[in-house]
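S.K.: Data file final.txt (compact mmCIF, C-alpha atoms and all ligand atoms) is appended below.
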# COMPACT_ATOMS: atom_id res chain seq x y z
CA MET A 1240 2.22 -29.07 -11.69
CA THR A 1241 3.37 -29.16 -15.27
CA ASP A 1242 0.15 -27.59 -16.50
CA HIS A 1243 1.14 -24.30 -14.89
CA ASN A 1244 4.63 -24.36 -16.28
CA ASP A 1245 3.67 -25.09 -19.82
CA LYS A 1246 2.23 -22.09 -21.58
CA SER A 1247 1.31 -24.01 -24.71
CA PHE A 1248 -0.73 -26.43 -22.62
CA GLN A 1249 -2.59 -23.49 -21.13
CA LYS A 1250 -3.27 -22.21 -24.61
CA ASP A 1251 -4.46 -25.64 -25.80
CA VAL A 1252 -6.88 -25.83 -22.91
CA THR A 1253 -8.17 -22.33 -23.62
CA ILE A 1254 -8.48 -22.98 -27.35
CA GLU A 1255 -10.34 -26.19 -26.65
CA ARG A 1256 -12.69 -24.36 -24.33
CA HIS A 1257 -13.20 -21.61 -26.86
CA GLN A 1258 -14.05 -24.10 -29.58
CA LYS A 1259 -16.48 -25.84 -27.26
CA MET A 1260 -18.08 -22.46 -26.54
CA ILE A 1261 -18.48 -21.74 -30.24
CA LYS A 1262 -20.03 -25.18 -30.76
CA LYS A 1263 -22.37 -24.56 -27.86
CA MET A 1264 -23.39 -21.17 -29.29
CA LYS A 1265 -24.13 -22.81 -32.65
CA ARG A 1266 -26.16 -25.51 -30.95
CA ARG A 1267 -28.08 -22.84 -29.05
CA GLN A 1268 -28.80 -20.95 -32.28
CA GLU A 1269 -30.00 -24.14 -33.93
CA LEU A 1270 -32.18 -24.84 -30.94
CA GLN A 1271 -33.65 -21.35 -31.12
CA THR A 1272 -34.47 -21.84 -34.80
CA VAL A 1273 -36.13 -25.15 -34.05
CA THR A 1274 -38.08 -23.65 -31.17
CA LYS A 1275 -39.26 -20.78 -33.38
CA LYS A 1276 -40.40 -23.27 -36.02
CA LEU A 1277 -42.15 -25.31 -33.38
CA LYS A 1278 -43.96 -22.23 -32.14
CA ARG A 1279 -44.96 -21.32 -35.67
CA ASN A 1280 -46.25 -24.83 -36.20
CA ARG A 1281 -48.38 -24.57 -33.12
CA GLN A 1282 -50.35 -21.63 -34.59
CA PRO A 1283 -53.69 -22.72 -36.01
CA LYS A 1284 -52.82 -23.99 -39.43
CA PRO A 1285 -54.55 -22.89 -42.63
CA ALA A 1286 -56.91 -25.37 -44.19
CA ARG A 1287 -54.25 -27.75 -45.34
CA ARG A 1288 -56.39 -30.75 -44.65
CA LYS A 1289 -57.27 -32.88 -47.59
CA ASN A 1290 -59.60 -35.71 -47.39
CA TRP A 1291 -57.46 -37.55 -49.94
CA LEU A 1292 -57.54 -40.85 -48.13
CA GLY A 1293 -61.22 -40.65 -47.63
CA HIS A 1294 -60.86 -40.07 -43.87
CA ASP A 1295 -63.13 -37.96 -41.84
CA PRO A 1296 -61.29 -34.57 -41.44
CA ASN A 1297 -61.91 -34.67 -37.70
CA ALA A 1298 -60.06 -37.96 -37.49
CA TRP A 1299 -57.05 -36.21 -39.10
CA ASP A 1300 -57.12 -33.69 -36.34
CA GLU A 1301 -56.84 -36.40 -33.77
CA LEU A 1302 -54.08 -38.15 -35.64
CA ASP A 1303 -52.04 -34.92 -36.00
CA TYR A 1304 -52.34 -34.25 -32.31
CA GLU A 1305 -51.26 -37.74 -31.37
CA VAL A 1306 -48.23 -37.65 -33.66
CA GLU A 1307 -47.15 -34.32 -32.26
CA GLU A 1308 -47.50 -35.64 -28.74
CA ARG A 1309 -45.65 -38.83 -29.52
CA ILE A 1310 -42.45 -36.97 -30.51
CA MET A 1311 -42.50 -34.83 -27.40
CA PRO A 1312 -40.30 -35.75 -24.45
CA ARG A 1313 -42.16 -37.59 -21.75
CA GLY A 1314 -44.23 -35.19 -19.66
CA GLU A 1315 -43.95 -32.40 -22.23
CA ALA A 1316 -47.54 -32.73 -23.42
CA GLU A 1317 -48.69 -32.57 -19.83
CA ARG A 1318 -46.48 -29.51 -19.20
CA ARG A 1319 -47.85 -27.71 -22.26
CA ARG A 1320 -51.41 -28.38 -21.23
CA THR A 1321 -50.67 -26.99 -17.75
CA LEU A 1322 -49.04 -23.89 -19.28
CA GLU A 1323 -51.95 -23.35 -21.66
CA GLN A 1324 -54.32 -23.81 -18.76
CA ALA A 1325 -52.31 -21.34 -16.68
CA ALA A 1326 -52.36 -18.76 -19.49
CA LEU A 1327 -56.10 -19.14 -19.80
CA ASN A 1328 -56.66 -18.91 -16.10
CA THR A 1329 -54.63 -15.73 -15.64
CA SER A 1330 -56.55 -13.92 -18.34
CA GLU A 1331 -59.87 -14.82 -16.78
CA THR A 1332 -61.15 -14.71 -13.25
CA ASP A 1333 -60.20 -18.12 -11.99
CA ASP A 1334 -62.72 -18.39 -9.20
CA ASP A 1335 -64.12 -21.45 -10.88
CA ASN A 1336 -60.77 -23.11 -11.19
CA PRO A 1337 -58.63 -22.38 -8.14
CA ASP A 1338 -55.47 -24.32 -9.01
CA PRO A 1339 -53.00 -23.60 -6.14
CA ALA A 1340 -49.94 -24.02 -8.39
CA ILE A 1341 -51.27 -21.38 -10.72
CA ALA A 1342 -52.63 -19.08 -8.06
CA THR A 1343 -49.10 -18.75 -6.57
CA ALA A 1344 -47.34 -18.30 -9.92
CA PRO A 1345 -43.84 -17.16 -8.93
CA GLU A 1346 -42.53 -13.70 -9.81
CA SER A 1347 -39.01 -12.46 -10.49
CA GLN A 1348 -36.76 -12.65 -7.46
CA PRO A 1349 -33.23 -11.59 -6.49
CA GLY A 1350 -30.64 -14.27 -5.84
CA GLN A 1351 -26.96 -15.09 -6.05
CA VAL A 1352 -25.24 -17.39 -8.51
CA ILE A 1353 -23.57 -20.11 -6.46
CA GLU A 1354 -22.59 -22.53 -9.19
CA VAL A 1355 -21.78 -22.23 -12.86
CA SER A 1356 -21.30 -25.30 -14.95
CA GLN A 1357 -21.64 -25.80 -18.67
CA GLY A 1358 -23.83 -22.79 -19.26
CA LEU A 1359 -26.22 -23.52 -16.41
CA CYS A 1360 -26.24 -21.58 -13.16
CA ARG A 1361 -27.51 -22.55 -9.75
CA VAL A 1362 -29.04 -19.52 -8.08
CA ASP A 1363 -29.53 -19.25 -4.34
CA LEU A 1364 -32.80 -17.51 -3.49
CA GLY A 1365 -32.27 -17.78 0.26
CA SER A 1366 -34.91 -20.39 0.98
CA HIS A 1367 -34.00 -22.67 -1.93
CA THR A 1368 -31.95 -22.85 -5.11
CA LEU A 1369 -32.94 -22.88 -8.78
CA LEU A 1370 -31.13 -24.24 -11.78
CA CYS A 1371 -31.22 -21.42 -14.30
CA THR A 1372 -30.42 -20.65 -17.88
CA VAL A 1373 -29.41 -17.18 -18.98
CA ARG A 1374 -31.90 -15.12 -20.96
CA GLY A 1375 -30.99 -15.06 -24.64
CA THR A 1376 -30.97 -11.28 -24.89
CA LEU A 1377 -28.46 -11.16 -22.05
CA THR A 1378 -26.01 -13.44 -23.78
CA ALA A 1379 -26.28 -11.43 -26.97
CA ARG A 1380 -25.69 -8.12 -25.28
CA GLU A 1381 -22.40 -6.30 -25.87
CA THR A 1382 -20.91 -6.58 -22.41
CA GLY A 1383 -17.21 -6.74 -23.24
CA PHE A 1384 -17.07 -10.13 -21.54
CA THR A 1385 -17.04 -13.55 -23.13
CA ASN A 1386 -19.40 -14.80 -20.42
CA VAL A 1387 -22.28 -12.84 -19.00
CA VAL A 1388 -22.89 -14.53 -15.68
CA ALA A 1389 -20.26 -15.71 -13.20
CA VAL A 1390 -20.27 -17.32 -9.80
CA GLY A 1391 -20.92 -14.69 -7.12
CA ASP A 1392 -23.16 -12.60 -9.36
CA GLU A 1393 -26.25 -11.03 -7.83
CA VAL A 1394 -29.06 -11.64 -10.29
CA ILE A 1395 -32.78 -11.34 -10.89
CA VAL A 1396 -34.34 -14.64 -11.87
CA HIS A 1397 -37.70 -15.58 -13.18
CA PRO A 1398 -38.61 -18.98 -11.76
CA ASP A 1399 -40.38 -21.28 -14.20
CA GLY A 1400 -42.65 -22.65 -11.51
CA THR A 1401 -40.71 -25.91 -11.14
CA GLU A 1402 -37.11 -26.16 -9.98
CA GLY A 1403 -35.71 -24.04 -12.79
CA GLY A 1404 -35.70 -20.47 -13.98
CA VAL A 1405 -34.17 -17.87 -16.21
CA ILE A 1406 -31.63 -15.24 -15.22
CA GLU A 1407 -33.09 -11.99 -16.50
CA THR A 1408 -30.67 -9.40 -15.14
CA VAL A 1409 -27.19 -9.29 -13.65
CA LEU A 1410 -27.03 -6.61 -10.96
CA PRO A 1411 -24.06 -4.22 -10.77
CA ARG A 1412 -20.94 -5.92 -9.41
CA ARG A 1413 -18.83 -4.52 -6.59
CA SER A 1414 -15.74 -6.33 -7.82
CA LEU A 1415 -14.63 -8.68 -10.55
CA LEU A 1416 -12.02 -11.31 -11.07
CA VAL A 1417 -11.35 -11.43 -14.78
CA ARG A 1418 -8.89 -12.86 -17.19
CA PRO A 1419 -8.22 -11.50 -20.66
CA ASP A 1420 -9.52 -13.53 -23.55
CA VAL A 1421 -6.66 -15.26 -25.33
CA PHE A 1422 -8.06 -14.45 -28.78
CA TYR A 1423 -9.71 -11.08 -28.38
CA ASP A 1424 -7.73 -8.50 -26.45
CA HIS A 1425 -10.79 -6.32 -25.92
CA LEU A 1426 -12.76 -9.16 -24.31
CA GLN A 1427 -12.41 -10.55 -20.82
CA GLN A 1428 -13.69 -13.64 -19.11
CA VAL A 1429 -15.31 -13.17 -15.73
CA ILE A 1430 -14.02 -15.82 -13.33
CA ALA A 1431 -15.93 -14.61 -10.27
CA ALA A 1432 -17.94 -11.58 -9.22
CA ASN A 1433 -18.41 -9.67 -5.96
CA VAL A 1434 -15.23 -11.00 -4.41
CA ASP A 1435 -13.41 -9.24 -1.54
CA GLN A 1436 -10.09 -11.05 -1.36
CA LEU A 1437 -7.91 -13.75 -2.85
CA LEU A 1438 -6.67 -16.61 -0.70
CA ILE A 1439 -3.59 -18.21 -2.20
CA ILE A 1440 -3.21 -21.75 -0.90
CA SER A 1441 -0.01 -23.76 -1.25
CA SER A 1442 1.09 -26.90 0.49
CA TRP A 1443 4.48 -27.41 2.10
CA ARG A 1444 4.79 -30.86 0.50
CA GLU A 1445 2.65 -33.06 -1.76
CA PRO A 1446 2.77 -30.98 -3.91
CA THR A 1447 5.85 -29.05 -2.79
CA ILE A 1448 5.36 -25.31 -2.39
CA TRP A 1449 5.87 -23.55 -5.71
CA LEU A 1450 6.76 -19.94 -5.06
CA GLU A 1451 6.63 -18.80 -8.67
CA LEU A 1452 2.96 -19.74 -8.74
CA VAL A 1453 2.39 -17.81 -5.50
CA ASP A 1454 4.01 -14.80 -7.16
CA ARG A 1455 1.84 -15.24 -10.26
CA TYR A 1456 -1.31 -15.36 -8.15
CA LEU A 1457 -0.16 -12.25 -6.29
CA ILE A 1458 0.12 -10.45 -9.63
CA THR A 1459 -3.38 -11.66 -10.52
CA GLY A 1460 -4.66 -10.24 -7.23
CA GLN A 1461 -3.02 -6.88 -7.87
CA ARG A 1462 -4.27 -6.68 -11.44
CA ASN A 1463 -7.81 -7.27 -10.19
CA HIS A 1464 -7.41 -4.89 -7.23
CA LEU A 1465 -8.04 -7.74 -4.80
CA PRO A 1466 -6.14 -7.94 -1.52
CA ALA A 1467 -4.31 -11.27 -1.21
CA LEU A 1468 -3.68 -13.61 1.73
CA ILE A 1469 -1.27 -16.52 1.74
CA CYS A 1470 -2.05 -19.86 3.34
CA LEU A 1471 0.56 -22.57 3.60
CA ASN A 1472 -1.14 -25.90 4.25
CA LYS A 1473 0.15 -29.37 5.19
CA ILE A 1474 2.65 -27.92 7.66
CA ASP A 1475 2.37 -31.23 9.51
CA LEU A 1476 4.66 -32.50 6.75
CA ALA A 1477 7.43 -30.02 7.67
CA GLN A 1478 10.32 -30.87 9.98
CA ASN A 1479 9.63 -27.71 11.95
CA GLY A 1480 7.53 -24.58 11.63
CA ALA A 1481 10.60 -22.37 11.34
CA GLU A 1482 11.54 -23.63 7.88
CA CYS A 1483 8.04 -22.81 6.59
CA GLY A 1484 8.19 -19.35 8.13
CA ALA A 1485 11.56 -18.66 6.52
CA VAL A 1486 10.28 -19.45 3.02
CA LEU A 1487 7.35 -17.07 3.46
CA ARG A 1488 9.32 -14.26 5.12
CA PRO A 1489 9.59 -12.16 1.92
CA TYR A 1490 5.79 -12.05 1.77
CA GLN A 1491 5.57 -11.08 5.39
CA SER A 1492 7.94 -8.18 4.66
CA LEU A 1493 5.66 -7.15 1.80
CA GLY A 1494 2.76 -6.98 4.24
CA TYR A 1495 0.69 -9.95 3.11
CA PRO A 1496 -1.26 -11.74 5.85
CA ILE A 1497 0.14 -15.27 6.20
CA VAL A 1498 -1.34 -18.30 7.87
CA LEU A 1499 0.25 -21.72 8.33
CA THR A 1500 -2.29 -24.52 8.50
CA SER A 1501 -2.77 -28.24 8.67
CA ALA A 1502 -6.19 -29.50 7.70
CA LEU A 1503 -5.03 -32.78 9.18
CA THR A 1504 -4.16 -31.62 12.72
CA GLY A 1505 -6.35 -28.51 12.79
CA GLU A 1506 -3.40 -26.19 13.36
CA GLY A 1507 -4.00 -22.63 12.13
CA ILE A 1508 -7.65 -23.24 11.23
CA ASP A 1509 -8.96 -20.71 13.78
CA GLU A 1510 -6.54 -18.12 12.46
CA LEU A 1511 -7.66 -18.83 8.90
CA GLN A 1512 -11.28 -18.53 9.97
CA THR A 1513 -10.61 -15.06 11.36
CA LEU A 1514 -9.11 -13.94 8.04
CA LEU A 1515 -12.26 -15.01 6.21
CA HIS A 1516 -14.76 -13.17 8.46
CA HIS A 1517 -17.31 -10.92 6.75
CA ARG A 1518 -15.78 -11.45 3.33
CA THR A 1519 -16.20 -13.34 0.10
CA THR A 1520 -12.91 -15.06 -0.58
CA VAL A 1521 -11.83 -16.65 -3.82
CA LEU A 1522 -9.42 -19.57 -3.54
CA ALA A 1523 -6.36 -19.94 -5.71
CA GLY A 1524 -4.23 -23.04 -5.53
CA LEU A 1525 -3.17 -26.14 -7.34
CA SER A 1526 -5.26 -29.23 -7.17
CA GLY A 1527 -4.18 -31.35 -4.23
CA VAL A 1528 -2.91 -28.59 -1.93
CA GLY A 1529 -5.85 -29.21 0.40
CA LYS A 1530 -8.53 -26.66 -0.50
CA SER A 1531 -11.43 -29.07 0.06
CA SER A 1532 -9.86 -30.37 3.27
CA LEU A 1533 -9.46 -26.83 4.58
CA LEU A 1534 -13.09 -26.07 3.75
CA ALA A 1535 -14.16 -29.18 5.58
CA ALA A 1536 -12.02 -28.16 8.56
CA LEU A 1537 -13.50 -24.65 8.53
CA GLN A 1538 -17.03 -25.95 8.52
CA PRO A 1539 -17.23 -29.55 9.64
CA GLY A 1540 -20.87 -29.95 8.52
CA LEU A 1541 -20.04 -28.92 4.98
CA GLN A 1542 -20.38 -31.53 2.27
CA VAL A 1543 -17.14 -31.19 0.30
CA ARG A 1544 -15.47 -33.91 -1.61
CA VAL A 1545 -11.86 -34.46 -0.65
CA GLY A 1546 -9.72 -35.98 -3.33
CA THR A 1547 -7.38 -38.85 -2.76
CA VAL A 1548 -3.96 -38.88 -4.28
CA SER A 1549 -4.04 -40.87 -7.47
CA GLU A 1550 -2.07 -44.07 -7.08
CA THR A 1551 -0.87 -44.11 -10.64
CA SER A 1552 0.31 -40.54 -11.12
CA GLY A 1553 0.88 -39.55 -7.51
CA GLU A 1554 -0.73 -36.24 -8.33
CA GLY A 1555 -3.75 -34.70 -6.65
CA ARG A 1556 -7.00 -35.48 -8.41
CA HIS A 1557 -9.36 -32.73 -9.54
CA THR A 1558 -12.37 -32.82 -7.29
CA THR A 1559 -13.90 -29.50 -8.29
CA SER A 1560 -14.73 -29.17 -11.93
CA GLN A 1561 -16.99 -26.16 -11.73
CA ALA A 1562 -17.15 -22.74 -10.16
CA THR A 1563 -18.85 -22.90 -6.77
CA LEU A 1564 -19.73 -20.46 -4.02
CA ILE A 1565 -19.87 -21.98 -0.56
CA ARG A 1566 -21.57 -19.94 2.11
CA LEU A 1567 -19.83 -20.09 5.48
CA GLY A 1568 -22.07 -17.53 7.16
CA PRO A 1569 -24.58 -14.78 6.36
CA ASP A 1570 -21.88 -12.41 5.08
CA GLU A 1571 -19.09 -14.88 4.51
CA ALA A 1572 -18.43 -17.12 1.53
CA ILE A 1573 -15.74 -19.00 -0.32
CA ILE A 1574 -15.54 -19.21 -4.09
CA ASP A 1575 -13.69 -22.13 -5.58
CA THR A 1576 -13.23 -21.95 -9.31
CA PRO A 1577 -11.13 -24.00 -11.68
CA GLY A 1578 -10.83 -20.85 -13.83
CA ILE A 1579 -8.20 -19.44 -11.55
CA ARG A 1580 -5.89 -22.43 -11.86
CA GLU A 1581 -5.20 -21.71 -15.49
CA PHE A 1582 -4.65 -18.06 -14.79
CA GLY A 1583 -1.95 -16.82 -17.09
CA LEU A 1584 -0.63 -13.32 -17.19
CA THR A 1585 -2.12 -12.60 -20.62
CA GLY A 1586 -1.95 -8.95 -21.58
CA LEU A 1587 0.95 -8.14 -19.26
CA HIS A 1588 4.03 -6.57 -20.87
CA ARG A 1589 7.66 -6.74 -19.78
CA GLY A 1590 7.81 -3.09 -18.82
CA GLU A 1591 4.86 -3.51 -16.46
CA LEU A 1592 6.22 -6.43 -14.46
CA GLU A 1593 8.35 -4.37 -12.06
CA GLN A 1594 5.29 -2.66 -10.60
CA PHE A 1595 4.08 -6.05 -9.37
CA PHE A 1596 7.37 -6.66 -7.53
CA PRO A 1597 7.39 -3.53 -5.35
CA GLU A 1598 10.66 -4.40 -3.59
CA ILE A 1599 12.40 -4.73 -6.98
CA GLY A 1600 10.84 -1.46 -8.10
CA ARG A 1601 12.26 0.28 -5.04
CA LEU A 1602 15.75 -1.15 -5.57
CA ALA A 1603 15.66 -0.28 -9.28
CA THR A 1604 16.07 3.41 -8.50
CA GLY A 1605 19.71 2.54 -7.66
CA CYS A 1606 20.45 0.86 -11.02
CA ARG A 1607 22.81 2.62 -13.42
CA PHE A 1608 20.35 2.41 -16.34
CA LYS A 1609 16.87 3.77 -16.02
CA ASN A 1610 15.48 0.97 -18.20
CA CYS A 1611 17.52 -1.77 -16.50
CA THR A 1612 15.86 -5.18 -16.80
CA HIS A 1613 17.98 -6.48 -13.88
CA LEU A 1614 19.00 -9.50 -15.90
CA ASN A 1615 22.59 -8.75 -16.94
CA GLU A 1616 23.21 -5.00 -16.99
CA PRO A 1617 26.25 -3.61 -15.14
CA ASP A 1618 25.75 -1.76 -11.85
CA CYS A 1619 22.34 -3.30 -11.26
CA ALA A 1620 21.19 -2.56 -7.72
CA VAL A 1621 18.64 -5.38 -7.90
CA ARG A 1622 21.21 -8.07 -8.65
CA GLN A 1623 23.52 -6.63 -6.01
CA ALA A 1624 20.73 -6.80 -3.45
CA GLU A 1625 20.02 -10.40 -4.39
CA ALA A 1626 23.71 -11.27 -3.97
CA THR A 1627 23.87 -9.72 -0.51
CA GLY A 1628 20.59 -11.27 0.63
CA ASP A 1629 18.66 -7.98 0.74
CA LEU A 1630 16.34 -9.27 -1.97
CA ALA A 1631 14.85 -12.75 -1.60
CA THR A 1632 16.37 -15.10 -4.18
CA SER A 1633 12.98 -16.78 -4.72
CA ARG A 1634 11.36 -13.47 -5.61
CA TYR A 1635 14.20 -12.55 -7.97
CA HIS A 1636 13.91 -15.96 -9.66
CA SER A 1637 10.15 -15.54 -10.12
CA TYR A 1638 10.76 -12.11 -11.61
CA GLN A 1639 13.32 -13.53 -14.07
CA LYS A 1640 11.14 -16.48 -15.07
CA ILE A 1641 7.97 -14.46 -15.51
CA LEU A 1642 9.82 -11.75 -17.45
CA ALA A 1643 11.06 -14.38 -19.90
CA THR A 1644 7.46 -15.36 -20.70
CA LEU A 1645 6.16 -11.83 -21.34
CA PRO A 1646 6.02 -9.99 -24.66
CA GLY A 1647 8.21 -6.88 -25.00
P1 LIG A 1701 -7.75 -29.91 -3.19
O1 LIG A 1701 -7.59 -30.57 -4.51
O2 LIG A 1701 -6.93 -28.68 -3.10
O3 LIG A 1701 -9.17 -29.69 -2.81
O4 LIG A 1701 -7.10 -30.91 -2.10
P2 LIG A 1701 -7.81 -31.95 -1.13
O5 LIG A 1701 -8.46 -31.29 0.01
O6 LIG A 1701 -8.65 -32.86 -1.97
O7 LIG A 1701 -6.54 -32.74 -0.56
C1 LIG A 1701 -5.64 -33.50 -1.33
C2 LIG A 1701 -4.96 -34.54 -0.46
O8 LIG A 1701 -4.16 -33.91 0.52
C3 LIG A 1701 -5.94 -35.42 0.29
O9 LIG A 1701 -5.42 -36.73 0.30
C4 LIG A 1701 -5.95 -34.86 1.69
O10 LIG A 1701 -6.25 -35.83 2.67
C5 LIG A 1701 -4.53 -34.36 1.84
N1 LIG A 1701 -4.41 -33.23 2.76
C6 LIG A 1701 -5.16 -32.11 2.78
N2 LIG A 1701 -4.77 -31.27 3.75
C7 LIG A 1701 -3.72 -31.88 4.38
C8 LIG A 1701 -2.87 -31.50 5.47
O11 LIG A 1701 -2.97 -30.44 6.08
N3 LIG A 1701 -1.87 -32.38 5.81
C9 LIG A 1701 -1.70 -33.55 5.15
N4 LIG A 1701 -0.70 -34.34 5.56
N5 LIG A 1701 -2.49 -33.94 4.13
C10 LIG A 1701 -3.49 -33.11 3.74
ZN ZN A 1702 18.84 -3.36 -12.46
In structure tokens, what does this structure look like?
Ligand code: GDP
Ligand code: ZN

M.R.:
Amino acid sequence: MTDHNDKSFQKDVTIERHQKMIKKMKRRQELQTVTKKLKRNRQPKPARRKNWLGHDPNAWDELDYEVEERIMPRGEAERRRTLEQAALNTSETDDDNPDPAIATAPESQPGQVIEVSQGLCRVDLGSHTLLCTVRGTLTARETGFTNVVAVGDEVIVHPDGTEGGVIETVLPRRSLLVRPDVFYDHLQQVIAANVDQLLIISSWREPTIWLELVDRYLITGQRNHLPALICLNKIDLAQNGAECGAVLRPYQSLGYPIVLTSALTGEGIDELQTLLHHRTTVLAGLSGVGKSSLLAALQPGLQVRVGTVSETSGEGRHTTSQATLIRLGPDEAIIDTPGIREFGLTGLHRGELEQFFPEIGRLATGCRFKNCTHLNEPDCAVRQAEATGDLATSRYHSYQKILATLPG
């Protein structure tokens, strides 16, 4: 829980990731240079051969070839020969050499990115999946985003004929979940694409419901124009349902759909299922609240790893370390991404906060000062409403706490 409280920790994590990204970019550039050199070296060389050891020049040829092959990864020589063969066969009529693998050389196909991890993407082509890299020209393009491909993206891939491929194009997105880059205001990081709604999951206990985080996620939803739903899990750990309902009442008044669940007893799972119909839903919630357990309850056949509570720290263990799209039906999917857990409110200014607390915005019209911050000004209608119970104390507290973290 502390990682969400501590802004500097968030920053450290982001800086670390950024540095890793820079390192990765450098490595990629180095790799490209090496590949270019390799390609150049594979051109027929000028007559460099010297018979200075008294060898037969043809023997040199053999030796060169062997050395080159010896430094290749296992299977690489074989792969190159197949590729060369394929290139030859496509330029000629291959009636004499009907190699089935070559005859059915795969073409570009549409698919959806269902997993993104360390620069590699798994793309679902319907019948099977491919592990893909992103085409170099795509990464270099000025997109305004720090990453080019995100989970949920509809893409065109060029299969490499084995189990891999290259993402050539990212198709237009119908929606985006982004977060501003910490270093470059004009850049954004795409967390997920083609998402319809945000499902905020909290647990009643273990870890105890943290309403400020719910409010932060709600702001994230609004900033990304995504409708939000609230799920309160582990209600089997509550004394009675009424106390859970009371805590979430302010959200009910604001019109958010709410569902109380227990992945353990199965309570509320049908209701949750209904809320997910015909939509792609991105999950937001702390590690340990029961996201994997809920997924398993929604689709019993699904292979999801459920974390066990760590004995030493007592905190939920991270079981999902990468962005994943899980298909629940033909037009229904869940996106689970660690990116959303570190969601800060970067780029948000103090003056803008009120618009994300609509009930406070409405009350503010009764404050004496037009620019009232509702912290300590006299005749503040917001504070008065909080005192009389017309404004939920939890919401007012979130407002105060978030305001204190925002730049002026
Ligand atoms: P995730 O990190 O959000 O994916 O959380 P997990 O699904 O891995 O669950 C974390 C822990 O909470 C596991 O030990 C689960 O067995 C437990 N858990 C999940 N849902 C419930 C629930 O509804 N009730 C109770 N009592 N425990 C739950
Ligand atoms: Zn006020």

S.K.: Name the residues, using the chain letters and numbers of the file, that sit within 6 Å of (-32.6, -9.8, -10.3) when counting only C-alpha atoms, and give them as a list in words.

M.R.: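 Using only C-alpha atoms, the matching residues come out as Gln1348, Pro1349, Val1394, Ile1395, Val1396 and Thr1408 of chain A.
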
S.K.: Mind giving me the straight-line distance from atom O6 of ligand LIG 1701 (chain A) to CA of Gln1461 (chain A) in Å, one decimal?

M.R.: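 Result for atom O6 of ligand LIG 1701 (chain A) versus CA of Gln1461 (chain A): 27.2 Å, one decimal.
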
S.K.: Show me which residues line ligand ZN 1702 (chain A), defined as having an atom within 7 Å of a ligand atom where all atoms listed in the file count, and present them as a PyMOL selection string.

M.R.: chain A and resi 1603+1606+1611-1613+1616+1619-1622

S.K.: For ligand LIG 1701 (chain A), which of A:Pro1496, A:Gly1527, A:Pro1489, A:Pro1597 is the closest residue, counting only C-alpha atoms and all ligand atoms?

M.R.: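 With only C-alpha atoms and all ligand atoms as the atom set, the closest residue is A:Gly1527.
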
S.K.: Between A:Arg1589, A:Ile1574, A:Arg1601, A:Thr1385, which one has atoms that come closest to Thr1519 (chain A), using all atoms listed in the file?

M.R.: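 Distance minimum relative to Thr1519 (chain A) lands on A:Ile1574.
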
S.K.: Do a neighbour search on region 1501-1505 of chain A at 7 Å with only C-alpha atoms, toss out local chain neighbours closer than 3 positions, and write the hits as a PDB file with C-alpha atoms, in the frame of the given file.

M.R.:
ATOM      1  CA  ASN A1472      -1.140 -25.900   4.250  1.00  0.00           C
ATOM      2  CA  LYS A1473       0.150 -29.370   5.190  1.00  0.00           C
ATOM      3  CA  ILE A1474       2.650 -27.920   7.660  1.00  0.00           C
ATOM      4  CA  ASP A1475       2.370 -31.230   9.510  1.00  0.00           C
ATOM      5  CA  ILE A1508      -7.650 -23.240  11.230  1.00  0.00           C
ATOM      6  CA  SER A1532      -9.860 -30.370   3.270  1.00  0.00           C
ATOM      7  CA  LEU A1533      -9.460 -26.830   4.580  1.00  0.00           C
ATOM      8  CA  ALA A1536     -12.020 -28.160   8.560  1.00  0.00           C
TER       9      ALA A1536
END

S.K.: Closest to ligand LIG 1701 (chain A) among A:Gly1578, A:Gly1583, A:Gly1529, A:Gly1507, using only C-alpha atoms and all ligand atoms?

M.R.: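 Of A:Gly1578, A:Gly1583, A:Gly1529, A:Gly1507, the one nearest ligand LIG 1701 (chain A), counting only C-alpha atoms and all ligand atoms, is A:Gly1529.
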
S.K.: At a cut-off of 10 Å, using only C-alpha atoms, what residues contact Thr1644 (chain A)? Leave out same-chain residues fewer than 6 positions from it and give the result as a VMD selection string.

M.R.: chain A and resid 1246 1584 to 1585 1587 to 1589

S.K.: Measure the distance from CA of Ala1523 (chain A) to atom N1 of ligand LIG 1701 (chain A) in Å and round it to one decimal.

M.R.: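 According to the coordinates, CA of Ala1523 (chain A) and atom N1 of ligand LIG 1701 (chain A) are separated by 15.9 Å.
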
S.K.: Tell me which of A:Gln1594, A:Gln1491, A:Ser1531, A:Asn1463 sits closest to ligand LIG 1701 (chain A), counting all atoms listed in the file.

M.R.: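 With all atoms listed in the file as the atom set, the closest residue is A:Ser1531.
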
S.K.: Choose the residue, out of A:Cys1483, A:Leu1614, A:Val1521, A:Leu1471, that has the smallest atom-to-atom separation from ligand LIG 1701 (chain A); count only C-alpha atoms and all ligand atoms.

M.R.: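 So, comparing all the options, the nearest one is A:Leu1471.
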
S.K.: Can you tell me how far CA of Thr1520 (chain A) sits from CA of Leu1564 (chain A), in Å to one decimal?

M.R.: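 Here the two named atoms are 9.4 Å from each other.
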
S.K.: Within 7 Å of Gly1383 (chain A), counting only C-alpha atoms, which residues show up once you throw out same-chain ones fewer than 5 positions away? Write them as a PyMOL selection string, please.

M.R.: chain A and resi 1425-1427
